[in-house]
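Working notes for the structure below.
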Amino acid sequence: MASNVTVTTVIFYVFAVWAVGSALLCITRSNALASALWLVSTMFALAAIFVILQAQFIAAIQVLVYAGAVMVLFLFVIMLLNLEDVPHDWKRWPAWVVGVGLAAVLGTTLVTLHSYTPARLAREVSTMPSPVDPRLVFPEGNALAVATATQGAVGSVAQPLFQGYLIPFEVTSVLLLAAVVGAVVLAKKKL
Amino acid sequence: MPIDLSSPGGATLALLPELVLTFWALVVLMYVAWHHRDGHDMRTAGGLSIVGYIFAAAATAWLAWRGARPEGLSFMIALDGFRFASDALLLWIAAAVAILSVRWLIRQGILAPEYYPMLMLATVGMMLLAGAADLITLFLGLEVMSISVYVLAGFDRTRRASAEAALKYFLIGAFASGFLLYGIALTYGATGQFNFDLIGAQFAATPPTLMAKLGMGLILVGFAFKIAAVPFHAWAPDVYEGAPTPITAFMASGVKAAAFLALVRVLAEVFPALVDLWRPVIFGLAAITILVGNLTALSQTSMKRMLAYSAIAHAGYLLLAVWAHSDEGTAAVLIYLLAYSVTIVAAFGILASIERAGARTVRLTDLEGLFSVRPFASIGLSICMLSLLGFPGTFGFIGKWYLLSAALRAGQTTLPVIAMVGSAISIGYYLPVVLAMTLKPARTRQAHQTIRFPRPARIAVGICVFAILLLGVWPNTVLNFATQTAVQLRQSELPIGPR
Amino acid sequence: MLLGPSLALSAVLFVLGVAGVLIRRNAIVVFMCVELMLNAVNLTFIALAQLHGVSGQIMVFFVMTVAAAEAAVGLAIILAIFRHTQSVDLTHINLLRG
Amino acid sequence: MVQLVWLAVAFPLFGAVANALLAIRRPAAKTAVSIIGVGVLAGAFVVAVGVFNALVHDPRPSVPVVLWHWMPVSERLSIDFAFRVDHLSAIMLLVITGVGGLIHLFSVGYMRSDPGYARYFAYLNLFIVFMLVLVLGASLPVSFIGWEGVGLCSYLLIGFWYEIDANSDAGKKAFLANRIGDFGVLVAMFLLWWHLGTLDFVGITMRAGAVFPIGSSAALLIALALFLGCTGKSAQIPLYVWLPDAMAGPTPVSALIHAATMVTAGVFLVVRTASVFALAPVSLEVVAVVGALTAFVAASIGLRQYDIKKVLAYSTVSQLGYMFLGVGTGAFASGIFHLITHAFFKALLFLGAGSVIHALHHAFHHAHSDADAQDMRNMGGLRRWMPWTFSLMLVATLAISGVPPFSGFFSKDEILGAAFARGTQHPIYLVCWALALGAALMTAFYMARLLAMTFLGRFRGGDKAAEYLHDAPWTMTGPLVVLGLLSVLGGVINLPHFVGGTGWLERWLAPVTETARMTMTPLPEVEGASALLLISLAVAAAAVGLIGGWWVTSRATILTPAQSPEEHGFWRAVYHKYYVDELYQKVFVNPTVWLSRRVLWQTVDAFLVDRLGVGGTARLAEGLGWLGSRLQNGQVAFYVTMFAVGAVLILRTLVR
């Protein structure tokens, strides 16, 4: 069990480094096409992490829809516009310094979330006096694994999606309708 | 009429106004698919869409009349007077914008009747945003609204300014969505819930945690963008200037109203326990927004830009009532939004009629001598300016009065003083408009000869201006309604205790 | 569970996305950085869903839909501006200002 | 009958709407416009008389007239759209509709040939509506509608002749100065709301005493904020600069708005909220000192103005200062008394000046002369052609100078007496009294100068123009005669005891200011001998000023601004003949002139107050706005940077 956790952790960190590295390259590559490809790489790494975090179905969609369809759309547009490679304009270094600095400050604020463990979250969410066993507070933490085992990765998501989350699900249809009509109106050469 | 929101039937009933509007948008889309050639088709599509708004309003009224309320938990969508009032407000804005658009689009040569279904879908999004009882619905409603409005902002495809406005709005909007979404994620993490009432109960039972604070902060950032509070405002003037004028009116009144209504609901239902934390944030936003909005508006020459900065300043005033976090504050938000939307729709309606086809934007100097040629239009615009100024006797004054008194009653004295200073500054840019129209001679003899004021727009603007004056001296019906509605926002009793 | 590390990784990716938006000037790349931010948030949802239940995963599903819709509209807008300016460089897209 | 008081507002409102429609649809239908414009005022005056009569016989001193619920705040608290007819508002109602009606009638003749005739009457009627709302309002917010509304109308009418750019600038300046004052009123309103929970005047009067102890800082703050509003509306130091510029509007407008009614609103407001002022004695001292200073400074500036309307404008500022001195000493009735008599004689002076300008304008027009019809150096000897106007102006001059038994004597004397009496308790009031006495002297001086330059001597506008001079038609002179009668007899409403009067106005207004007077220490009575001395001093000041002004002016050489060379020699001869006057000029007049023109008018007025005060604030605001506008550089990168800064700040505020 212990070695299993360690192996998972190691794999997690490998993919985490992969994701961060790809993301860094994505935001620094001067070529838009390269950026897009590095973003796809980040998404793959994230998909792997999703699997580690017991979200197999989402991981599959991540690869199929996100990395597959959406990013292909990006690549398609980039190649359609046939943008030439713009070298970095080093005169804009103040913008870089300010941007990176701001992001760093924001990052130091947000990375404090690192201190969260299941036990801490359980303590904060529960109204019971601490210490608390996370398993008592988050029965679903295990239930998720159980549900995945019984209903399969898709079933555990699908059932609530079509029952409890019916209204948002229907709203997404409106969203896609708006997006489709909008994209057609804007992108079509002649109406 | 108790409605069980967890059952499909109940959900359908509760979402009746949105469903009616979506259905009608599909009907219009069907019509448009076969008829999108000339002005006649444009007019028909516009007329059809207005019928849709009327149906949706009727559905809202029916729900309100039957006293629809949730049986048990308010699940995904709220069912209270506040939502019905919000829906009514948003529907009337959308309908008025549709009326103003009909002839304007034809004059500007924008012959794409998809405009009206997009406007209807944007309205659906706004209604979902303002009526959400769940962070998921909130986010999706916001996105439906935003995506439709991105498209509408870029609808005038022949003008570069329009495309630029759409791009700026889209990029910064998507950026802001990211922040909002992160906030939702952390709020979910801190409580394990998406439902407003359940999150509120959870927060009430536990002291504020790091995750909750960060989540709330990021959600506030997302809303601050939508209401164009300084320093999240920078997109607004550019987008308002570049977008087609009726859409500018729609963004300045409708989108802003929806965002404010949702903000009030979120702060009242999700974060009431953290009031001491978010009040300083709202305080800072309000103060800086009022000052920057008013001061920057002073140096504008383009009317649309001036109104954009004034819209920013008005968002600052509205934050006063948000700060108040009381029934008076909620009522004040409703009243002010109504007053503001009536005024802004009328003002943009008149500006749209003054715009010449293909011309860039109406400047202050273009209005000179308008009174002698178009006395009614200039009187109407003057009344709008006075209402925005908060001149007593107009509806704008009533709105501002309630904002200030709500903040004062909540124990805040600094913000009202800042608001009054800002309002004193605003004289410097509202008054020159009146001045230019009534007291300056026209530049050329031909000036204002191209103004076309089509009858539907004239009627809509006329009603708005009349409402500004009437509600300025006789507002009690609206005020009573708003006060009763505001109380309902607090009355949602939680059937389930904290975990 | 890897809750803390996941949240931290998510924060880092989010901040990288923000940094990208701040420093890049190609509209498409800026948009991709926004997508990176959304992905980062998805990671937060997934990490929290382990404890809070499947609702977090469902939210991710919706976020992906939204991202797809935004991509469609956003790329259409970028195409529209490209038609006017023959460029997607944001520093040149400043007709509206002041 | 009292409940019908809304009719007095409804009549002019109807007139305003009807005339506005006529202005848009049938601008040439001048007869209809005149009938409506003047008719509604006559109707309102009849209502006013009826209301007044009913109130005299009503046992209640104050009658609320609730029209509808305006702003319901909560179940038990609501601000009604209500009027309050009491002894103060009833008398103001009479003055406004009466004097207003006369000025409307005068305007029929004066504006007859103006193309914007209908628009003019629409504005004028609208002004009356707002002015009546201001005085009749039962609560501060209702009065505030009128308060802002009269400012708006004033601004529209100042800029009425919009072809001239300076006029619209003057209108802007007026509105700006007023807005600074209005800010004070708003602050006061919210502070009252905050402390007392009511804005009804009766409610304020009743609760203020219970909530604020005497001398409390809250009451002081409210009173000073209110007074800031009054300085804006009533053109007191430091916000008086707009009133002289406001003379750009048509002369009847100056008579109605900038002399008789609107500018006195500040005095009215102080009396209305007297109970708050009374609780903060320091605020009353401020009112008195500002009033006395304004009276003195404005009068001294008036000494050396050549524009006939500018003289009258500074005179108005000065007389308003008197009124504030009156209310500042706690003699509220005296302030209102002077307000009423001033309305009579200042309206008469302005309308008389209007007749003169009208006649000269006509004459110069026919003589193809481009001389300034408002410059007194182009006038002179008009008595020959305009005897009616001259005699009526003479009456008004005697009244404003405080010559017994004209109306101004009684009202001015009361204020001076009250200031002196209060001075026995607090020395600062003695200084005020001295300033006011000096102002009285200067008032008499510049009025005599005005009269002498305009009507005496010989006509300086050229013989050709003189052929066309004549007295105004009866529609214009008629109102003057009525106002003349009122200027002479106006004093009877408050005849003091020493001439056998009963002080009717003081007793009539007693219920209104009762609470305030109970709070304050009573004014000590000035005993017989010293009272007589005071009166003699006042009369002496008037007499010296009048005679001095006449003497100096009629001896001095007056050069026309467009003086021809052959005339030059003649005027030079006169100049050398009276070198005694030259000496006098050098010793006394020149320093005074220098002081009034260079120091007070140009430095203080034009530079300090105007440029640095009003202009500087505006420039600062515009500069900041420009900066904000530069931040809007159109770059998405910059916008998102601001966004990120905001986000970081918000998160850092929440998570320390």
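A note on labels: chains of the structure tokens are A, B, ... as shown, every chain counts residues from 1, and ligands are counted from 1 in their shown order.
Near chain A, within 7 Å and counting only C-alpha atoms, the residues of chain D are Thr641, Ala644, Val645 and Val648 of chain D.
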Self-check item: Who sits within 9 Å of region 86-92 of chain C, only C-alpha atoms, same chain under 2 positions skipped, as an MDAnalysis selection string
Solution: (chainID A and resid 81 83) or (chainID C and resid 24:28 78:79 81:84 94:95) or (chainID D and resid 634:637)
Put those residues in a file: N, CA, C and O atoms, as a PDB file, in the first residue's frame.
```pdb
ATOM      1  N   LEU A  81      -4.413  31.501 -40.856  1.00  0.00           N
ATOM      2  CA  LEU A  81      -3.949  32.875 -40.910  1.00  0.00           C
ATOM      3  C   LEU A  81      -2.509  32.966 -41.390  1.00  0.00           C
ATOM      4  O   LEU A  81      -2.063  34.033 -41.783  1.00  0.00           O
ATOM      5  N   LEU A  83       0.420  32.980 -39.918  1.00  0.00           N
ATOM      6  CA  LEU A  83       1.147  34.059 -39.257  1.00  0.00           C
ATOM      7  C   LEU A  83       2.624  33.758 -39.279  1.00  0.00           C
ATOM      8  O   LEU A  83       3.054  32.647 -38.997  1.00  0.00           O
TER       9      LEU A  83
ATOM     10  N   ARG C  24       2.149  38.224 -23.495  1.00  0.00           N
ATOM     11  CA  ARG C  24       2.097  37.922 -24.925  1.00  0.00           C
ATOM     12  C   ARG C  24       1.263  38.955 -25.655  1.00  0.00           C
ATOM     13  O   ARG C  24       0.387  39.604 -25.083  1.00  0.00           O
ATOM     14  N   ARG C  25       1.527  39.112 -26.940  1.00  0.00           N
ATOM     15  CA  ARG C  25       0.768  40.103 -27.701  1.00  0.00           C
ATOM     16  C   ARG C  25       0.097  39.522 -28.925  1.00  0.00           C
ATOM     17  O   ARG C  25      -0.550  40.222 -29.675  1.00  0.00           O
ATOM     18  N   ASN C  26       0.282  38.233 -29.146  1.00  0.00           N
ATOM     19  CA  ASN C  26      -0.442  37.580 -30.233  1.00  0.00           C
ATOM     20  C   ASN C  26      -1.806  37.150 -29.687  1.00  0.00           C
ATOM     21  O   ASN C  26      -1.898  36.406 -28.706  1.00  0.00           O
ATOM     22  N   ALA C  27      -2.873  37.628 -30.308  1.00  0.00           N
ATOM     23  CA  ALA C  27      -4.210  37.395 -29.766  1.00  0.00           C
ATOM     24  C   ALA C  27      -4.484  35.905 -29.594  1.00  0.00           C
ATOM     25  O   ALA C  27      -5.069  35.488 -28.589  1.00  0.00           O
ATOM     26  N   ILE C  28      -4.022  35.097 -30.548  1.00  0.00           N
ATOM     27  CA  ILE C  28      -4.309  33.660 -30.449  1.00  0.00           C
ATOM     28  C   ILE C  28      -3.580  33.060 -29.253  1.00  0.00           C
ATOM     29  O   ILE C  28      -4.134  32.262 -28.493  1.00  0.00           O
ATOM     30  N   ILE C  78     -11.312  36.427 -33.811  1.00  0.00           N
ATOM     31  CA  ILE C  78      -9.936  36.669 -34.254  1.00  0.00           C
ATOM     32  C   ILE C  78      -9.865  36.666 -35.787  1.00  0.00           C
ATOM     33  O   ILE C  78      -9.184  37.500 -36.392  1.00  0.00           O
ATOM     34  N   LEU C  79     -10.613  35.775 -36.394  1.00  0.00           N
ATOM     35  CA  LEU C  79     -10.677  35.793 -37.862  1.00  0.00           C
ATOM     36  C   LEU C  79     -11.234  37.114 -38.362  1.00  0.00           C
ATOM     37  O   LEU C  79     -10.739  37.690 -39.328  1.00  0.00           O
ATOM     38  N   ILE C  81     -11.188  40.067 -36.935  1.00  0.00           N
ATOM     39  CA  ILE C  81     -10.249  41.187 -36.813  1.00  0.00           C
ATOM     40  C   ILE C  81      -9.109  41.029 -37.792  1.00  0.00           C
ATOM     41  O   ILE C  81      -8.612  42.002 -38.348  1.00  0.00           O
ATOM     42  N   PHE C  82      -8.739  39.792 -38.074  1.00  0.00           N
ATOM     43  CA  PHE C  82      -7.658  39.566 -39.034  1.00  0.00           C
ATOM     44  C   PHE C  82      -8.040  40.087 -40.408  1.00  0.00           C
ATOM     45  O   PHE C  82      -7.209  40.604 -41.146  1.00  0.00           O
ATOM     46  N   ARG C  83      -9.301  39.968 -40.743  1.00  0.00           N
ATOM     47  CA  ARG C  83      -9.761  40.462 -42.036  1.00  0.00           C
ATOM     48  C   ARG C  83      -9.566  41.971 -42.156  1.00  0.00           C
ATOM     49  O   ARG C  83      -9.347  42.496 -43.227  1.00  0.00           O
ATOM     50  N   HIS C  84      -9.692  42.673 -41.009  1.00  0.00           N
ATOM     51  CA  HIS C  84      -9.547  44.131 -41.054  1.00  0.00           C
ATOM     52  C   HIS C  84      -8.091  44.564 -41.005  1.00  0.00           C
ATOM     53  O   HIS C  84      -7.701  45.496 -41.689  1.00  0.00           O
ATOM     54  N   ASN C  94      -5.330  48.997 -31.591  1.00  0.00           N
ATOM     55  CA  ASN C  94      -5.609  50.038 -30.590  1.00  0.00           C
ATOM     56  C   ASN C  94      -6.288  51.230 -31.237  1.00  0.00           C
ATOM     57  O   ASN C  94      -5.978  52.380 -30.951  1.00  0.00           O
ATOM     58  N   LEU C  95      -7.177  50.927 -32.143  1.00  0.00           N
ATOM     59  CA  LEU C  95      -7.985  51.996 -32.754  1.00  0.00           C
ATOM     60  C   LEU C  95      -8.809  52.705 -31.684  1.00  0.00           C
ATOM     61  O   LEU C  95      -8.971  53.918 -31.696  1.00  0.00           O
TER      62      LEU C  95
ATOM     63  N   GLY D 634      -5.566  51.823 -25.110  1.00  0.00           N
ATOM     64  CA  GLY D 634      -6.009  50.938 -26.168  1.00  0.00           C
ATOM     65  C   GLY D 634      -5.285  49.601 -26.201  1.00  0.00           C
ATOM     66  O   GLY D 634      -5.568  48.764 -27.036  1.00  0.00           O
ATOM     67  N   GLN D 635      -4.323  49.401 -25.312  1.00  0.00           N
ATOM     68  CA  GLN D 635      -3.548  48.165 -25.329  1.00  0.00           C
ATOM     69  C   GLN D 635      -4.170  47.129 -24.386  1.00  0.00           C
ATOM     70  O   GLN D 635      -4.301  47.365 -23.187  1.00  0.00           O
ATOM     71  N   VAL D 636      -4.512  45.992 -24.962  1.00  0.00           N
ATOM     72  CA  VAL D 636      -5.091  44.928 -24.137  1.00  0.00           C
ATOM     73  C   VAL D 636      -4.126  44.543 -23.024  1.00  0.00           C
ATOM     74  O   VAL D 636      -4.520  44.322 -21.881  1.00  0.00           O
ATOM     75  N   ALA D 637      -2.826  44.493 -23.368  1.00  0.00           N
ATOM     76  CA  ALA D 637      -1.837  44.070 -22.374  1.00  0.00           C
ATOM     77  C   ALA D 637      -1.908  44.971 -21.151  1.00  0.00           C
ATOM     78  O   ALA D 637      -1.856  44.496 -20.006  1.00  0.00           O
TER      79      ALA D 637
END
```
Self-check item: Distance filter 9 Å, only C-alpha atoms, chain C against chain B, as a VMD selection string
Solution: chain C and resid 14 18 21 27 30 to 31 33 to 35 37 to 38 40 to 42 44 to 45 48 to 49 51 to 53 55 to 56 59 62 to 63 66 69 to 70 73 to 74 77 to 78 80 to 81 83 to 85 93 to 98
Quiz item: Skipping near chain neighbours, those fewer than 3 positions away, what residues fall within 8 Å of Phe459 (chain D) using only C-alpha atoms, listed as a list in words?
Solution: Asn378, Met379, Gly380, Gly381, Leu382, Gly462, Asp463 and Ala466 of chain D
Exercise. Please return, as number ranges by chain, all residues of chain D lying within 8 Å of chain B when only C-alpha atoms are considered.
Key: D: 24, 68-72, 81, 141, 144-145, 148-149, 156, 159-163, 165, 168, 176, 179-180, 183, 186-187, 190, 194, 621-622, 624-629, 632, 634, 636, 639-640, 642-643, 645-647, 650-651, 653-655
Exercise. May I have the residues within 8 Å of Ile106 (chain B) as a list in words, using only C-alpha atoms and disregarding those fewer than 5 positions away in the same chain?
Key: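 Final neighbour list, sorted by chain and number: Gly39, Met42 and Leu111 of chain B.
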With N, CA, C and O atoms kept, could you save the residues just selected as a PDB file, in the first residue's frame?
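part-v8.pdb written:
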```pdb
ATOM      1  N   GLY B  39     -34.225  44.440 -45.724  1.00  0.00           N
ATOM      2  CA  GLY B  39     -34.707  45.161 -44.555  1.00  0.00           C
ATOM      3  C   GLY B  39     -36.019  44.633 -44.024  1.00  0.00           C
ATOM      4  O   GLY B  39     -36.257  44.617 -42.819  1.00  0.00           O
ATOM      5  N   MET B  42     -35.367  41.858 -41.821  1.00  0.00           N
ATOM      6  CA  MET B  42     -34.823  42.369 -40.562  1.00  0.00           C
ATOM      7  C   MET B  42     -35.946  42.835 -39.643  1.00  0.00           C
ATOM      8  O   MET B  42     -35.982  42.534 -38.462  1.00  0.00           O
ATOM      9  N   LEU B 111     -27.268  43.920 -42.408  1.00  0.00           N
ATOM     10  CA  LEU B 111     -28.437  43.111 -42.752  1.00  0.00           C
ATOM     11  C   LEU B 111     -28.203  41.667 -42.355  1.00  0.00           C
ATOM     12  O   LEU B 111     -28.075  40.774 -43.194  1.00  0.00           O
TER      13      LEU B 111
END
```
Practice problem: For Ile247 (chain B), list every protein, DNA or RNA residue within 9 Å, evaluated using only C-alpha atoms, and leave out those in the same chain fewer than 5 positions away; present the list as a ChimeraX atom specification. | Solution: /B:97,101,119,149,152-153,240,252
Exercise. Skip Ala153 (chain A) itself and residues of its chain fewer than 6 positions away, then list as a list of chain:residue names all residues within 8 Å of it, counting only C-alpha atoms.
Key: A:Ala55, A:Gln56, A:Phe57
Could those residues be written to a file, using C-alpha atoms, as a PDB file, in the first residue's frame?
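So selection16.pdb came out as:
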```pdb
ATOM      1  CA  ALA A  55     -11.255  11.124 -12.819  1.00  0.00           C
ATOM      2  CA  GLN A  56     -10.832   8.704 -15.646  1.00  0.00           C
ATOM      3  CA  PHE A  57     -13.840   9.856 -17.620  1.00  0.00           C
TER       4      PHE A  57
END
```
Self-check item: Non-local contacts of region 424-441 of chain D (10 Å; only C-alpha atoms; under 2 positions in same chain excluded) as a ChimeraX atom specification
Solution: /D:285,288-300,315,318-319,321-322,325,328-329,400-402,412-413,415-422,443-446,521,523-524,526,534,537-546,548-549
Exercise. Take CA of Trp323 (chain B) and CA of Ala410 (chain B) and report the distance between them in Å, one decimal.
Key: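 So the two atoms, CA of Trp323 (chain B) and CA of Ala410 (chain B), lie 8.3 Å apart.
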Exercise. Using only C-alpha atoms, determine which residues of chain A fall within 9 Å of chain B; present them as a PyMOL selection string.
Key: chain A and resi 109-110+112-113+116+121+124-127+163-168+171-172+174-179+181-183+185-186+191
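Atom pair CA of Met1 (chain B) / CA of Gly67 (chain B) has a distance of 5.4 Å (rounded to one decimal).
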